[in-house]
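Notes follow once the structure below has been shown.
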Amino acid sequence: MSKLQLFLQFEGHRRIELIQLDHDSLALELVNAAIRLGLANDSKDVCAFYGDDDCELKLDEPLSKQGVRDRHRVHVHRCRKIKVTLHFNEIVEHMEFPPSATIDRVKKKFVHAIQMKPVDASEHVLQLCGCSDRPEGDTQIGSLASHCSVCLDLVPIKRIEG
Amino acid sequence: MVATATLPDERAFHADIEAGAFQLGVCMGKWRLVETHWPIAYIAVAASCRDGAPQEFCFRFDCSGFPSAAPTAMLWDYECKQALAVARWPNGASRVPAVFRPDWKEGSCLYLPCDRVSIEGHHNWPSEYPSLQWSPTRGIAMYLEEIHSLLNSSDYKGVRGG
């Protein structure tokens with residue numbers, strides 16, 4: 001039987017896990033994999049997503065029949081939407097994304113909203129509010145969200161000196 | 001035939017490059033493992049298209065003591081099996097030449113806080129660049145993400161002799 005290798009992140013879990021499932025596995029197996037890797041197994045109403053968009057999977061249907069292919073990205077979370085608060089200087093924006101949206105996607109939408117030039121945007125990164133943690137661009141925001149929200153600052157990238 | 005890793009740091013490195021973060025980068029075309037000859041790993045990192053510049057740069061990583069010890073990396077001419085000629089080094093407006101410095105340790109390492117050799121003596125770097133400190137849990141992908149980010153930024157202008 002053919003296998004699917006999938007990149008999995010889930011609620012509160014930054015590490016990108018590479019999991020292997022049977023080609024005809026139900027999407028529910030993603031939830032079980034996340035539980036084995038540390039997702040609280042008392043989680044109710046857990047959702048699974050794939051890709052970088054709003055594609056929510058039906059847990060009782062096979063992955064292969066829902067467009068999930070080998071080496072796709074998947075995400076497991078209790079929230080269907082993550083409320084993202086974004087700051088840049090005095091500007092504050094509130095946006096919503098599926099948990100599977102990446103930091104790159106969030107940044108792209110934010111810099112567009114504040115009309116920052118692309119050349120300037122490439123010299124800024126998103127950082128978690130109140131700390132120096134700068135998640136990589138391909139981090140899915142659900143892995144950063146406690147409950148259903150996350151707060152991010154757009155900050156300049158400093159030249160290495162000293 | 002794949003050689004069997006026998007040393008603890010070698011085993012840890014191979015586990016790291018088989019894990020999700022590194023493999024996602026491979027899947028996204030950000031980097032690829034060229035060869036390992038322990039404790040050396042040759043990894044090519046993709047760069048944005050610039051006139052006269054290559055599509056990727058090869059780096060020679062010394063991963064001794066991985067992952068408790070950070071790796072150290074230098075630009076490498078894989079075909080000629082020697083350090084890359086300075087004329088073929090990446091260049092840029094500000095952040096790129098600050099990292100790819102032929103005048104720093106004779107070009108034997110990148111001027112990055114996550115580099116094992118460069119961090120020595122830079123007591124201010126952990127507080128000034130906390131997100132760029134080496135992290136065993138983030139693994140080699142964190143070093144590669146930083147290189148990839150530089151080589152795909154608006155700051156990157158091609159090669160020195162281009």
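In the structure tokens, chains take the letters A, B, ... in the order shown, each chain's residues start at 1, and ligands count up from 1 in the order shown.
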Hey, what's within 9 Å of B:Ser118 if we count only C-alpha atoms and toss same-chain stuff fewer than 4 positions away? As a VMD selection string, please?
chain B and resid 72 104 to 105 109 to 114 122
Report as a list in words all protein, DNA and RNA residues lying within 7 Å of stretch 152-154 of chain A, evaluated on only C-alpha atoms, omitting residues in the same chain fewer than 2 positions from it.
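That gives Thr85, Leu86, His87, Phe88, His124, Val125, Leu126, Gln127, Leu128, Cys129 and Val150 of chain A.
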Please find the residues of chain A near chain B - the criterion being any atom within 9 Å, counting only C-alpha atoms - and write them as an MDAnalysis selection string.
chainID A and resid 6:8 15:19 71 73 118:120 122:123 132:136 138 157:162
Would you give me, as a list in words, the residues in stretch 49-155 of chain A that DSSP reads as alpha helix (DSSP H)?
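Here is the list: Ile103, Asp104, Arg105, Val106, Lys107, Lys108, Lys109, Phe110, Val111, His112, Ala113, Pro118, Val119, Asp120 and Ala121 of chain A.
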For the residues in the current selection, export C-alpha atoms as an mmCIF file, in the first residue's frame.
```
data_model
loop_
_atom_site.group_PDB
_atom_site.id
_atom_site.type_symbol
_atom_site.label_atom_id
_atom_site.label_comp_id
_atom_site.auth_asym_id
_atom_site.auth_seq_id
_atom_site.Cartn_x
_atom_site.Cartn_y
_atom_site.Cartn_z
ATOM 1 C CA ILE A 103 3.799 33.644 8.803
ATOM 2 C CA ASP A 104 4.781 34.590 5.233
ATOM 3 C CA ARG A 105 1.123 34.744 4.202
ATOM 4 C CA VAL A 106 0.188 36.832 7.248
ATOM 5 C CA LYS A 107 3.050 39.233 6.605
ATOM 6 C CA LYS A 108 2.168 39.549 2.919
ATOM 7 C CA LYS A 109 -1.416 40.512 3.721
ATOM 8 C CA PHE A 110 -0.362 42.915 6.469
ATOM 9 C CA VAL A 111 2.258 44.797 4.454
ATOM 10 C CA HIS A 112 -0.265 45.076 1.630
ATOM 11 C CA ALA A 113 -2.850 46.469 4.045
ATOM 12 C CA PRO A 118 7.916 45.403 -1.303
ATOM 13 C CA VAL A 119 11.536 46.496 -0.985
ATOM 14 C CA ASP A 120 10.852 47.770 2.525
ATOM 15 C CA ALA A 121 8.746 44.749 3.432
#
```
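For A:Ser146, the list of residues within 12 Å, based on only C-alpha atoms and with local chain neighbours fewer than 2 positions off taken out, reads A:Phe10, A:Glu11, A:Gly12, A:His13, A:Arg14, A:His77, A:Arg78, A:Cys79, A:Ile82, A:Lys83, A:Val84, A:Pro99, A:Ile141, A:Gly142, A:Ser143, A:Leu144, A:Cys148, A:Ser149, A:Val150, A:Cys151.
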Do you know which residues are at most 9 Å from B:Gln55 counting only C-alpha atoms, after dropping those on the same chain fewer than 5 positions away, and could you put them as a ChimeraX atom specification?
/B:45-50
Could you take the residues named above and write them with C-alpha atoms, as a PDB file, in the first residue's frame?
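Below you can see out.pdb, which holds the result:
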```pdb
ATOM      1  CA  VAL B  45      21.116  27.031  -0.709  1.00  0.00           C
ATOM      2  CA  ALA B  46      18.937  28.586  -3.412  1.00  0.00           C
ATOM      3  CA  ALA B  47      19.376  32.252  -4.294  1.00  0.00           C
ATOM      4  CA  SER B  48      17.149  34.709  -6.122  1.00  0.00           C
ATOM      5  CA  CYS B  49      17.908  35.244  -9.789  1.00  0.00           C
ATOM      6  CA  ARG B  50      20.501  37.971 -10.371  1.00  0.00           C
TER       7      ARG B  50
END
```
Near-stretch 60-69 of chain A list (8 Å; only C-alpha atoms; drop same-chain fewer than 3 positions) as a ChimeraX atom specification:
/A:4,23-28,50,57,72
Quick one: write out the picked residues with C-alpha atoms as a short mmCIF file (atom, residue, chain, number, x, y, z; two decimals), in the first residue's frame?
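Writing the result to out21.cif gives the following:
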```
data_model
loop_
_atom_site.label_atom_id
_atom_site.label_comp_id
_atom_site.auth_asym_id
_atom_site.auth_seq_id
_atom_site.Cartn_x
_atom_site.Cartn_y
_atom_site.Cartn_z
CA LEU A 4 1.85 9.59 2.27
CA HIS A 23 -2.56 6.58 1.28
CA ASP A 24 -6.17 5.77 2.13
CA SER A 25 -6.04 6.97 5.77
CA LEU A 26 -8.92 9.03 7.06
CA ALA A 27 -8.15 12.65 7.96
CA LEU A 28 -8.88 11.62 11.54
CA TYR A 50 -4.10 21.24 4.50
CA LEU A 57 -10.62 18.42 5.94
CA HIS A 72 1.71 18.32 1.53
#
```
If I take atom CA of B:Ala93 and atom CA of B:His148, how far is one from the other in Å, to one decimal?
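That distance, rounded to one decimal, is 16.3 Å.
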Within 10 Å of B:Gly107, counting only C-alpha atoms, which residues show up once you throw out same-chain ones fewer than 4 positions away? Write them as a list in words, please.
Ala73, Met74, Leu75, Ala83, Leu84, Ala85, Val86, Phe100, Arg101, Pro102, Asp103 and Tyr111 of chain B
Go ahead and write the residues just picked, C-alpha atoms, as an mmCIF file, in the first residue's frame.
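To be explicit, this is the file written out as again-v7.cif:
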```cif
data_model
loop_
_atom_site.group_PDB
_atom_site.id
_atom_site.type_symbol
_atom_site.label_atom_id
_atom_site.label_comp_id
_atom_site.auth_asym_id
_atom_site.auth_seq_id
_atom_site.Cartn_x
_atom_site.Cartn_y
_atom_site.Cartn_z
ATOM 1 C CA ALA B 73 29.924 27.287 7.597
ATOM 2 C CA MET B 74 31.886 28.744 4.712
ATOM 3 C CA LEU B 75 31.206 29.323 1.026
ATOM 4 C CA ALA B 83 36.871 27.688 -0.754
ATOM 5 C CA LEU B 84 34.786 29.730 -3.186
ATOM 6 C CA ALA B 85 36.722 32.514 -4.901
ATOM 7 C CA VAL B 86 35.818 35.882 -3.399
ATOM 8 C CA PHE B 100 29.592 37.181 3.728
ATOM 9 C CA ARG B 101 32.824 38.874 4.761
ATOM 10 C CA PRO B 102 36.125 37.746 3.194
ATOM 11 C CA ASP B 103 37.954 39.892 5.773
ATOM 12 C CA TYR B 111 29.519 36.473 10.252
#
```
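Proximity of B:Phe57, B:Ile140, B:Cys63, B:Pro39 to B:Asp16, computed with only C-alpha atoms, is greatest for B:Ile140.
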So the first atom is atom CA of A:Asn89 and the second is atom CA of A:Pro156; what is the distance between them in Å, to one decimal place?
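It comes out at 10.8 Å.
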In Å, rounded to a single decimal, give me how far atom CA of A:Glu93 is from atom CA of A:Lys117.
17.3 Å
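Candidate residues A:Cys131, A:Gln140, A:Val76, A:Asp22 were compared for distance to A:Gly38, and the nearest is A:Val76, using only C-alpha atoms.
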DSSP on the backbone, then: every residue of stretch 6-86 of chain A marked strand (DSSP E or B), written as JSON, numbers by chain.
{"A": [6, 7, 8, 9, 10, 13, 14, 15, 16, 17, 18, 19, 20, 21, 22, 26, 47, 48, 49, 50, 55, 56, 62, 73, 74, 75, 76, 77, 82, 83, 84, 85, 86]}
Include N, CA and C atoms and write out the residues we just selected as an mmCIF file, in the first residue's frame.
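This is the output file out-v2.cif:
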```cif
data_model
loop_
_atom_site.group_PDB
_atom_site.id
_atom_site.type_symbol
_atom_site.label_atom_id
_atom_site.label_comp_id
_atom_site.auth_asym_id
_atom_site.auth_seq_id
_atom_site.Cartn_x
_atom_site.Cartn_y
_atom_site.Cartn_z
ATOM 1 N N LEU A 6 3.724 13.512 5.206
ATOM 2 C CA LEU A 6 3.082 14.814 5.374
ATOM 3 C C LEU A 6 3.825 15.643 6.415
ATOM 4 N N PHE A 7 3.868 16.948 6.171
ATOM 5 C CA PHE A 7 4.466 17.867 7.136
ATOM 6 C C PHE A 7 3.359 18.352 8.065
ATOM 7 N N LEU A 8 3.474 18.008 9.339
ATOM 8 C CA LEU A 8 2.419 18.300 10.308
ATOM 9 C C LEU A 8 2.882 19.308 11.358
ATOM 10 N N GLN A 9 2.071 20.337 11.553
ATOM 11 C CA GLN A 9 2.192 21.187 12.730
ATOM 12 C C GLN A 9 0.820 21.196 13.396
ATOM 13 N N PHE A 10 0.793 21.503 14.677
ATOM 14 C CA PHE A 10 -0.503 21.560 15.358
ATOM 15 C C PHE A 10 -0.461 22.575 16.477
ATOM 16 N N HIS A 13 2.522 23.652 18.818
ATOM 17 C CA HIS A 13 3.658 22.781 18.489
ATOM 18 C C HIS A 13 4.411 23.371 17.299
ATOM 19 N N ARG A 14 5.535 24.047 17.572
ATOM 20 C CA ARG A 14 6.292 24.749 16.539
ATOM 21 C C ARG A 14 7.053 23.794 15.627
ATOM 22 N N ARG A 15 7.505 22.701 16.198
ATOM 23 C CA ARG A 15 8.329 21.773 15.424
ATOM 24 C C ARG A 15 7.521 21.229 14.242
ATOM 25 N N ILE A 16 8.161 21.172 13.087
ATOM 26 C CA ILE A 16 7.501 20.617 11.902
ATOM 27 C C ILE A 16 7.761 19.117 11.888
ATOM 28 N N GLU A 17 6.707 18.342 12.047
ATOM 29 C CA GLU A 17 6.848 16.895 12.101
ATOM 30 C C GLU A 17 6.632 16.302 10.704
ATOM 31 N N LEU A 18 7.444 15.331 10.381
ATOM 32 C CA LEU A 18 7.258 14.610 9.120
ATOM 33 C C LEU A 18 6.644 13.256 9.466
ATOM 34 N N ILE A 19 5.366 13.091 9.121
ATOM 35 C CA ILE A 19 4.668 11.858 9.503
ATOM 36 C C ILE A 19 4.372 11.030 8.252
ATOM 37 N N GLN A 20 4.111 9.772 8.472
ATOM 38 C CA GLN A 20 3.804 8.873 7.354
ATOM 39 C C GLN A 20 2.492 8.152 7.627
ATOM 40 N N LEU A 21 1.582 8.227 6.680
ATOM 41 C CA LEU A 21 0.286 7.570 6.811
ATOM 42 C C LEU A 21 0.007 6.769 5.551
ATOM 43 N N ASP A 22 -0.894 5.796 5.694
ATOM 44 C CA ASP A 22 -1.327 5.062 4.509
ATOM 45 C C ASP A 22 -2.074 6.008 3.571
ATOM 46 N N LEU A 26 -7.964 7.954 6.828
ATOM 47 C CA LEU A 26 -8.921 9.030 7.062
ATOM 48 C C LEU A 26 -8.180 10.237 7.615
ATOM 49 N N CYS A 47 -10.025 20.368 14.412
ATOM 50 C CA CYS A 47 -10.137 20.504 12.958
ATOM 51 C C CYS A 47 -8.781 20.158 12.330
ATOM 52 N N ALA A 48 -8.834 19.740 11.090
ATOM 53 C CA ALA A 48 -7.596 19.482 10.349
ATOM 54 C C ALA A 48 -7.652 20.262 9.037
ATOM 55 N N PHE A 49 -6.507 20.789 8.648
ATOM 56 C CA PHE A 49 -6.414 21.617 7.444
ATOM 57 C C PHE A 49 -5.258 21.120 6.589
ATOM 58 N N TYR A 50 -5.292 21.488 5.306
ATOM 59 C CA TYR A 50 -4.100 21.237 4.503
ATOM 60 C C TYR A 50 -3.791 22.436 3.639
ATOM 61 N N CYS A 55 -8.614 25.223 3.443
ATOM 62 C CA CYS A 55 -9.113 23.879 3.145
ATOM 63 C C CYS A 55 -9.211 23.044 4.414
ATOM 64 N N GLU A 56 -10.401 23.025 4.986
ATOM 65 C CA GLU A 56 -10.626 22.185 6.159
ATOM 66 C C GLU A 56 -10.985 20.772 5.689
ATOM 67 N N PRO A 62 -11.249 9.887 3.522
ATOM 68 C CA PRO A 62 -9.819 9.655 3.243
ATOM 69 C C PRO A 62 -9.106 10.930 2.796
ATOM 70 N N ARG A 73 1.459 19.939 3.291
ATOM 71 C CA ARG A 73 1.451 20.413 4.673
ATOM 72 C C ARG A 73 0.058 20.246 5.260
ATOM 73 N N VAL A 74 -0.001 19.816 6.501
ATOM 74 C CA VAL A 74 -1.283 19.671 7.195
ATOM 75 C C VAL A 74 -1.175 20.300 8.581
ATOM 76 N N HIS A 75 -2.336 20.602 9.149
ATOM 77 C CA HIS A 75 -2.358 21.275 10.447
ATOM 78 C C HIS A 75 -3.571 20.816 11.237
ATOM 79 N N VAL A 76 -3.380 20.640 12.536
ATOM 80 C CA VAL A 76 -4.475 20.222 13.418
ATOM 81 C C VAL A 76 -4.635 21.269 14.520
ATOM 82 N N HIS A 77 -5.866 21.710 14.723
ATOM 83 C CA HIS A 77 -6.106 22.789 15.696
ATOM 84 C C HIS A 77 -7.546 22.756 16.168
ATOM 85 N N ILE A 82 -7.851 31.906 13.412
ATOM 86 C CA ILE A 82 -6.962 32.518 14.396
ATOM 87 C C ILE A 82 -7.075 34.028 14.240
ATOM 88 N N LYS A 83 -7.373 34.694 15.338
ATOM 89 C CA LYS A 83 -7.418 36.157 15.313
ATOM 90 C C LYS A 83 -5.992 36.670 15.498
ATOM 91 N N VAL A 84 -5.525 37.406 14.504
ATOM 92 C CA VAL A 84 -4.146 37.885 14.539
ATOM 93 C C VAL A 84 -4.154 39.403 14.700
ATOM 94 N N THR A 85 -3.514 39.871 15.745
ATOM 95 C CA THR A 85 -3.333 41.306 15.954
ATOM 96 C C THR A 85 -1.931 41.664 15.496
ATOM 97 N N LEU A 86 -1.844 42.656 14.604
ATOM 98 C CA LEU A 86 -0.560 43.021 14.007
ATOM 99 C C LEU A 86 -0.254 44.487 14.289
#
```
Which residue out of B:Pro90, B:His14, B:Glu120, B:Pro136 has the minimum interatomic distance to B:Leu33 when only C-alpha atoms are used?
B:His14
